[in-house]
Amino acid sequence: MPQTATVIGGSFTDADDRTARRFAESAHTYSTGVMPTAQFHAWLAERALSRRHRVDLIALDDLDGWSADPETGNLGHRSGRFYTIEGLEVVTGHRHNPTWSQPIILQPEIGILGILVKEFNGVLHCLMQAKMEPGNINGIQLSPTVQATPSNYTRVHQGNAIPYLEHFITAGRGRVVADTLQSEQGAWFLQKRNRNMIVEVTEDVPVLDGFCWLTVGQLHELLAVENLVNMDTRSVMSIIPLATPIDRPSLLDEDSFRGALLRSLSTRPDPNDATGNLVSWFTDVKSRRTLRRRPIPLHQTKGWLRTSDRIHHEDERYFSVVGVRVEADDREVTSWSQPMIAPASRGVLALLTRQVNGVLHALVQAHTQAGTFDVVEMAPTVQCSPENYDEGRPLFLDYVLSAPASQIRFDVVHSEEGGRFFQAENRCLIVEVDDAFPTDVPDGYAWATISQLTDLTRHGHYFNVEARCLLTCLHTLW
């Protein structure tokens with residue numbers, strides 16, 4: 001029987017452990033990659049200057065190829081593909097506002113988010129793409145090798161083929177390192193999932209225009225840069241297996257946040273105790289809570305107003321549905337128009353952490369949104385847009401916003417998915433609480449070690465995309 005070894009992300013066979021250790025080596029390689037980080041920044045800046053990108057807000061009524069159904073008001077494309085924007089009525093029973101209706105994106109297709117990896121000079125590198133999305137704050141962001149829906153790669157738009165797609169949909173074109181279905185933003189998508197994949201190749205891979213090889217360590221460095229590493233990359237990075245640095249035992253002895261994080265990553269819980277209790281806690285909350293949803297015509301969403309220009313809430317909160325016209329000479333299609341979700345304000349995503357007997361724990365919550373794939377998913381401690389609340393502010397929000405700099409371990413603004421969301425961004429925070437913070441937490445919250453959380457990222461239906469992105473940010477601190 002094959003032996004198992006401890007890795008971040010679960011117990012694997014020796015072969016899997018060797019892969020995890022190779023990824024760990026990549027995570028500790030910063031300046032000696034195929035493209036040094038300074039060269040990457042120059043390459044990205046040159047690409048941004050040399051490519052033509054233009055995104056203009058336009059009226060919904062002026063969208064080419066999109067129209068509102070005369071009976072329902074639902075927005076759809078003339079091809080019947082891509083996605084629709086429809087109405088949804090929601091009843092949960094366990095939120096401050098337990099009943100509401102809203103516009104939501106229906107996109108039943110399961111897309112592919114895939115990172116291709118290959119070894120250079122003994123170090124694994126990830127093939128990344130500098131990709132323009134219409135909703136990106138700064139135009140171009142760093143995306144996975146492949147980021148595409150079936151409508152894209154079956155070329156409904158009659159555009160160019162998706163580069164490198166064959167490695168993710170054709171058997172034998174690489175070794176699958178990780179492959180799991182993960183959910184997308186439940187606030188704006190109805191039960192949307194994407195296939196998150198990591199595939200290793202040994203064959204020669206031509207580097208096409210707009211792509212580059214970077215180590216995991218370089219990606220960790222770039223996560224400290226505002227609005228650079230896109231959401232899809234952060235999601236796929238959350239499932240990278242990483243071995244604990246047992247060859248650097250002194251790190252585990254550090255009396256610091258880093259030492260506590262490494263101990264948390266390397267401490268394997270008793271599967272009949274801690275990990276089992278976390279899954280049991282999650283299952284118990286899911287079984288006790290309710291989520292009922294009913295599709296309704298878009299024009300029947302209460303509190304939402306439609307004009308020729310946009311759809312917005314009467315309080316000018318939450319989000320709007322807007323139209324954009326796009327020109328980009330480095331996309332499969334060089335011009336198009338589409339509706340997008342535009343949040344009314346910046347969000348806050350925060351993970352509270354604390355040391356318990358020298359082992360770092362993180363506080364997660366069971367969270368429900370309109371489009372959550374199941375009743376609840378594990379989410380960060382705080383996930384909200386503060387400006388949407390006059391009362392009933394989410395638990396721990398004010399603690400996070402008032403945390404002193406000495407307790408903040410990570411604080412960067414990152415964008416949400418730029419293909420459907422217009423200039424959506426969140427302030428991503430990791431905060432270490434002090435001993436005065438209570439260990440007892442309200443119903444629906446639970447403390448977990450980082451190894452427990454990373455174990456579960458290998459499976460779908462546990463973490464929402466916001467939690468996965470923060471776990472990726474947390475991994476940069478080890």
# chains A, B, ... in the order shown; residues from 1 in each chain; ligands from 1
>>> residues_around(residues="region 70-78 of chain A", least_positions_apart="5", cutoff="9 Å", atoms="only C-alpha atoms", output="list in words")
Asp64, Gly65, Tyr83, Thr84, Ile85, Glu86, Gly87, Ile296, Pro297, Leu298, His299, Gln300, Gln338 and Pro339 of chain A
>>> write_last_selection(atoms="N, CA and C atoms", output="mmCIF file, in the first residue's frame")
data_model
loop_
_atom_site.group_PDB
_atom_site.id
_atom_site.type_symbol
_atom_site.label_atom_id
_atom_site.label_comp_id
_atom_site.auth_asym_id
_atom_site.auth_seq_id
_atom_site.Cartn_x
_atom_site.Cartn_y
_atom_site.Cartn_z
ATOM 1 N N ASP A 64 -25.976 45.706 -28.763
ATOM 2 C CA ASP A 64 -26.082 44.992 -30.028
ATOM 3 C C ASP A 64 -26.195 43.489 -29.760
ATOM 4 N N GLY A 65 -27.278 42.882 -30.238
ATOM 5 C CA GLY A 65 -27.465 41.447 -30.065
ATOM 6 C C GLY A 65 -28.180 41.062 -28.796
ATOM 7 N N TYR A 83 -25.483 34.043 -21.545
ATOM 8 C CA TYR A 83 -26.165 34.111 -20.260
ATOM 9 C C TYR A 83 -27.401 34.982 -20.408
ATOM 10 N N THR A 84 -28.256 34.935 -19.390
ATOM 11 C CA THR A 84 -29.407 35.826 -19.324
ATOM 12 C C THR A 84 -29.398 36.528 -17.975
ATOM 13 N N ILE A 85 -30.100 37.648 -17.906
ATOM 14 C CA ILE A 85 -30.312 38.328 -16.635
ATOM 15 C C ILE A 85 -31.810 38.307 -16.380
ATOM 16 N N GLU A 86 -32.188 37.643 -15.297
ATOM 17 C CA GLU A 86 -33.584 37.423 -14.974
ATOM 18 C C GLU A 86 -33.873 37.871 -13.549
ATOM 19 N N GLY A 87 -35.098 37.690 -13.098
ATOM 20 C CA GLY A 87 -35.470 38.045 -11.741
ATOM 21 C C GLY A 87 -35.496 36.821 -10.842
ATOM 22 N N ILE A 296 -38.619 34.775 -11.223
ATOM 23 C CA ILE A 296 -39.709 35.690 -11.538
ATOM 24 C C ILE A 296 -39.285 36.544 -12.730
ATOM 25 N N PRO A 297 -40.216 37.122 -13.448
ATOM 26 C CA PRO A 297 -39.844 38.038 -14.534
ATOM 27 C C PRO A 297 -38.994 39.187 -13.995
ATOM 28 N N LEU A 298 -38.035 39.598 -14.763
ATOM 29 C CA LEU A 298 -37.138 40.657 -14.317
ATOM 30 C C LEU A 298 -37.902 41.933 -13.976
ATOM 31 N N HIS A 299 -38.957 42.219 -14.723
ATOM 32 C CA HIS A 299 -39.670 43.472 -14.455
ATOM 33 C C HIS A 299 -40.553 43.387 -13.201
ATOM 34 N N GLN A 300 -40.621 42.209 -12.548
ATOM 35 C CA GLN A 300 -41.395 42.076 -11.314
ATOM 36 C C GLN A 300 -40.533 42.116 -10.057
ATOM 37 N N GLN A 338 -22.421 44.036 -24.227
ATOM 38 C CA GLN A 338 -23.008 43.094 -23.276
ATOM 39 C C GLN A 338 -23.534 43.834 -22.052
ATOM 40 N N PRO A 339 -24.496 43.222 -21.332
ATOM 41 C CA PRO A 339 -24.894 43.750 -20.033
ATOM 42 C C PRO A 339 -23.942 43.241 -18.955
#
>>> residues_around(residues="region 93-110 of chain A", least_positions_apart="5", cutoff="8 Å", atoms="only C-alpha atoms", output="number ranges by chain")
A: 82-88, 149-151, 187-195, 289-291, 298, 301-302, 304, 371, 392
>>> closest_residue(among="A:Arg293, A:Arg52, A:His461, A:Arg21", to="Met378 (chain A)", atoms="only C-alpha atoms")
A:His461
>>> atom_distance(atom1="CA of Thr37 (chain A)", atom2="CA of Val146 (chain A)")
21.6 Å
>>> closest_atom_pairs(of="region 375-455 of chain A", to="region 320-326 of chain A", cutoff="12 Å", atoms="only C-alpha atoms", output="CSV")
residue,atom,partner,partner_atom,distance
A:Gly419,CA,A:Val324,CA,11.1
A:Arg420,CA,A:Val321,CA,10.2
A:Phe421,CA,A:Val321,CA,9.3
A:Phe422,CA,A:Val322,CA,8.3
A:Gln423,CA,A:Val322,CA,11.5
A:Ala424,CA,A:Ser320,CA,11.3
>>> write_last_selection(atoms="N, CA and C atoms", output="mmCIF file, in the first residue's frame")
data_model
loop_
_atom_site.group_PDB
_atom_site.id
_atom_site.type_symbol
_atom_site.label_atom_id
_atom_site.label_comp_id
_atom_site.auth_asym_id
_atom_site.auth_seq_id
_atom_site.Cartn_x
_atom_site.Cartn_y
_atom_site.Cartn_z
ATOM 1 N N GLY A 419 -15.421 39.568 -16.501
ATOM 2 C CA GLY A 419 -16.199 39.250 -17.685
ATOM 3 C C GLY A 419 -17.675 39.530 -17.535
ATOM 4 N N ARG A 420 -18.156 39.557 -16.285
ATOM 5 C CA ARG A 420 -19.578 39.786 -16.028
ATOM 6 C C ARG A 420 -19.820 40.957 -15.079
ATOM 7 N N PHE A 421 -18.783 41.365 -14.331
ATOM 8 C CA PHE A 421 -18.948 42.396 -13.304
ATOM 9 C C PHE A 421 -18.103 43.609 -13.662
ATOM 10 N N PHE A 422 -18.729 44.780 -13.634
ATOM 11 C CA PHE A 422 -18.084 46.014 -14.073
ATOM 12 C C PHE A 422 -17.448 46.729 -12.890
ATOM 13 N N GLN A 423 -16.111 46.764 -12.887
ATOM 14 C CA GLN A 423 -15.316 47.456 -11.870
ATOM 15 C C GLN A 423 -15.747 47.079 -10.461
ATOM 16 N N ALA A 424 -15.899 45.776 -10.248
ATOM 17 C CA ALA A 424 -16.232 45.242 -8.924
ATOM 18 C C ALA A 424 -14.940 44.916 -8.193
#
>>> decode(residues="region 177-196 of chain A", atoms="N, CA, C and O atoms", output="mmCIF file, in the first residue's frame")
data_model
loop_
_atom_site.group_PDB
_atom_site.id
_atom_site.type_symbol
_atom_site.label_atom_id
_atom_site.label_comp_id
_atom_site.auth_asym_id
_atom_site.auth_seq_id
_atom_site.Cartn_x
_atom_site.Cartn_y
_atom_site.Cartn_z
ATOM 1 N N VAL A 177 -3.275 17.556 -12.120
ATOM 2 C CA VAL A 177 -2.840 17.713 -10.736
ATOM 3 C C VAL A 177 -4.027 17.978 -9.827
ATOM 4 O O VAL A 177 -4.113 17.459 -8.711
ATOM 5 N N ALA A 178 -4.969 18.796 -10.292
ATOM 6 C CA ALA A 178 -6.162 19.127 -9.506
ATOM 7 C C ALA A 178 -7.305 19.407 -10.469
ATOM 8 O O ALA A 178 -7.096 19.977 -11.544
ATOM 9 N N ASP A 179 -8.494 19.006 -10.068
ATOM 10 C CA ASP A 179 -9.660 19.146 -10.953
ATOM 11 C C ASP A 179 -10.910 19.100 -10.082
ATOM 12 O O ASP A 179 -11.246 18.053 -9.530
ATOM 13 N N THR A 180 -11.584 20.233 -9.925
ATOM 14 C CA THR A 180 -12.748 20.281 -9.050
ATOM 15 C C THR A 180 -13.724 21.348 -9.516
ATOM 16 O O THR A 180 -13.316 22.364 -10.073
ATOM 17 N N LEU A 181 -15.009 21.101 -9.302
ATOM 18 C CA LEU A 181 -16.036 22.099 -9.601
ATOM 19 C C LEU A 181 -16.173 23.036 -8.412
ATOM 20 O O LEU A 181 -16.347 22.590 -7.271
ATOM 21 N N GLN A 182 -16.098 24.327 -8.680
ATOM 22 C CA GLN A 182 -16.202 25.324 -7.620
ATOM 23 C C GLN A 182 -17.219 26.384 -8.013
ATOM 24 O O GLN A 182 -17.399 26.688 -9.184
ATOM 25 N N SER A 183 -17.867 26.936 -7.010
ATOM 26 C CA SER A 183 -18.935 27.913 -7.239
ATOM 27 C C SER A 183 -18.372 29.293 -7.538
ATOM 28 O O SER A 183 -17.222 29.605 -7.233
ATOM 29 N N GLU A 184 -19.224 30.116 -8.142
ATOM 30 C CA GLU A 184 -18.892 31.507 -8.419
ATOM 31 C C GLU A 184 -19.691 32.423 -7.477
ATOM 32 O O GLU A 184 -20.353 31.961 -6.565
ATOM 33 N N GLN A 185 -19.645 33.723 -7.714
ATOM 34 C CA GLN A 185 -20.259 34.699 -6.806
ATOM 35 C C GLN A 185 -21.767 34.470 -6.668
ATOM 36 O O GLN A 185 -22.524 34.661 -7.613
ATOM 37 N N GLY A 186 -22.191 34.092 -5.470
ATOM 38 C CA GLY A 186 -23.597 33.803 -5.229
ATOM 39 C C GLY A 186 -24.474 35.041 -5.144
ATOM 40 O O GLY A 186 -25.703 34.928 -5.177
ATOM 41 N N ALA A 187 -23.875 36.221 -5.010
ATOM 42 C CA ALA A 187 -24.684 37.438 -4.943
ATOM 43 C C ALA A 187 -25.246 37.803 -6.304
ATOM 44 O O ALA A 187 -26.304 38.436 -6.389
ATOM 45 N N TRP A 188 -24.549 37.374 -7.377
ATOM 46 C CA TRP A 188 -24.915 37.847 -8.716
ATOM 47 C C TRP A 188 -25.125 36.721 -9.725
ATOM 48 O O TRP A 188 -25.684 36.944 -10.789
ATOM 49 N N PHE A 189 -24.656 35.514 -9.437
ATOM 50 C CA PHE A 189 -24.876 34.343 -10.285
ATOM 51 C C PHE A 189 -25.844 33.392 -9.594
ATOM 52 O O PHE A 189 -25.758 33.201 -8.372
ATOM 53 N N LEU A 190 -26.701 32.737 -10.339
ATOM 54 C CA LEU A 190 -27.559 31.706 -9.779
ATOM 55 C C LEU A 190 -26.914 30.337 -9.987
ATOM 56 O O LEU A 190 -26.813 29.839 -11.111
ATOM 57 N N GLN A 191 -26.408 29.764 -8.898
ATOM 58 C CA GLN A 191 -25.841 28.412 -8.884
ATOM 59 C C GLN A 191 -24.803 28.195 -9.983
ATOM 60 O O GLN A 191 -24.739 27.150 -10.615
ATOM 61 N N LYS A 192 -23.945 29.181 -10.178
ATOM 62 C CA LYS A 192 -22.920 29.104 -11.225
ATOM 63 C C LYS A 192 -21.690 28.372 -10.705
ATOM 64 O O LYS A 192 -21.245 28.608 -9.581
ATOM 65 N N ARG A 193 -21.152 27.479 -11.540
ATOM 66 C CA ARG A 193 -19.928 26.771 -11.195
ATOM 67 C C ARG A 193 -18.948 26.800 -12.357
ATOM 68 O O ARG A 193 -19.341 26.924 -13.521
ATOM 69 N N ASN A 194 -17.676 26.685 -12.013
ATOM 70 C CA ASN A 194 -16.616 26.532 -12.995
ATOM 71 C C ASN A 194 -15.725 25.360 -12.609
ATOM 72 O O ASN A 194 -15.581 25.025 -11.419
ATOM 73 N N ARG A 195 -15.143 24.752 -13.611
ATOM 74 C CA ARG A 195 -14.205 23.661 -13.381
ATOM 75 C C ARG A 195 -12.817 24.259 -13.196
ATOM 76 O O ARG A 195 -12.246 24.843 -14.115
ATOM 77 N N ASN A 196 -12.271 24.142 -11.989
ATOM 78 C CA ASN A 196 -10.938 24.646 -11.672
ATOM 79 C C ASN A 196 -9.935 23.513 -11.875
ATOM 80 O O ASN A 196 -10.064 22.444 -11.260
#
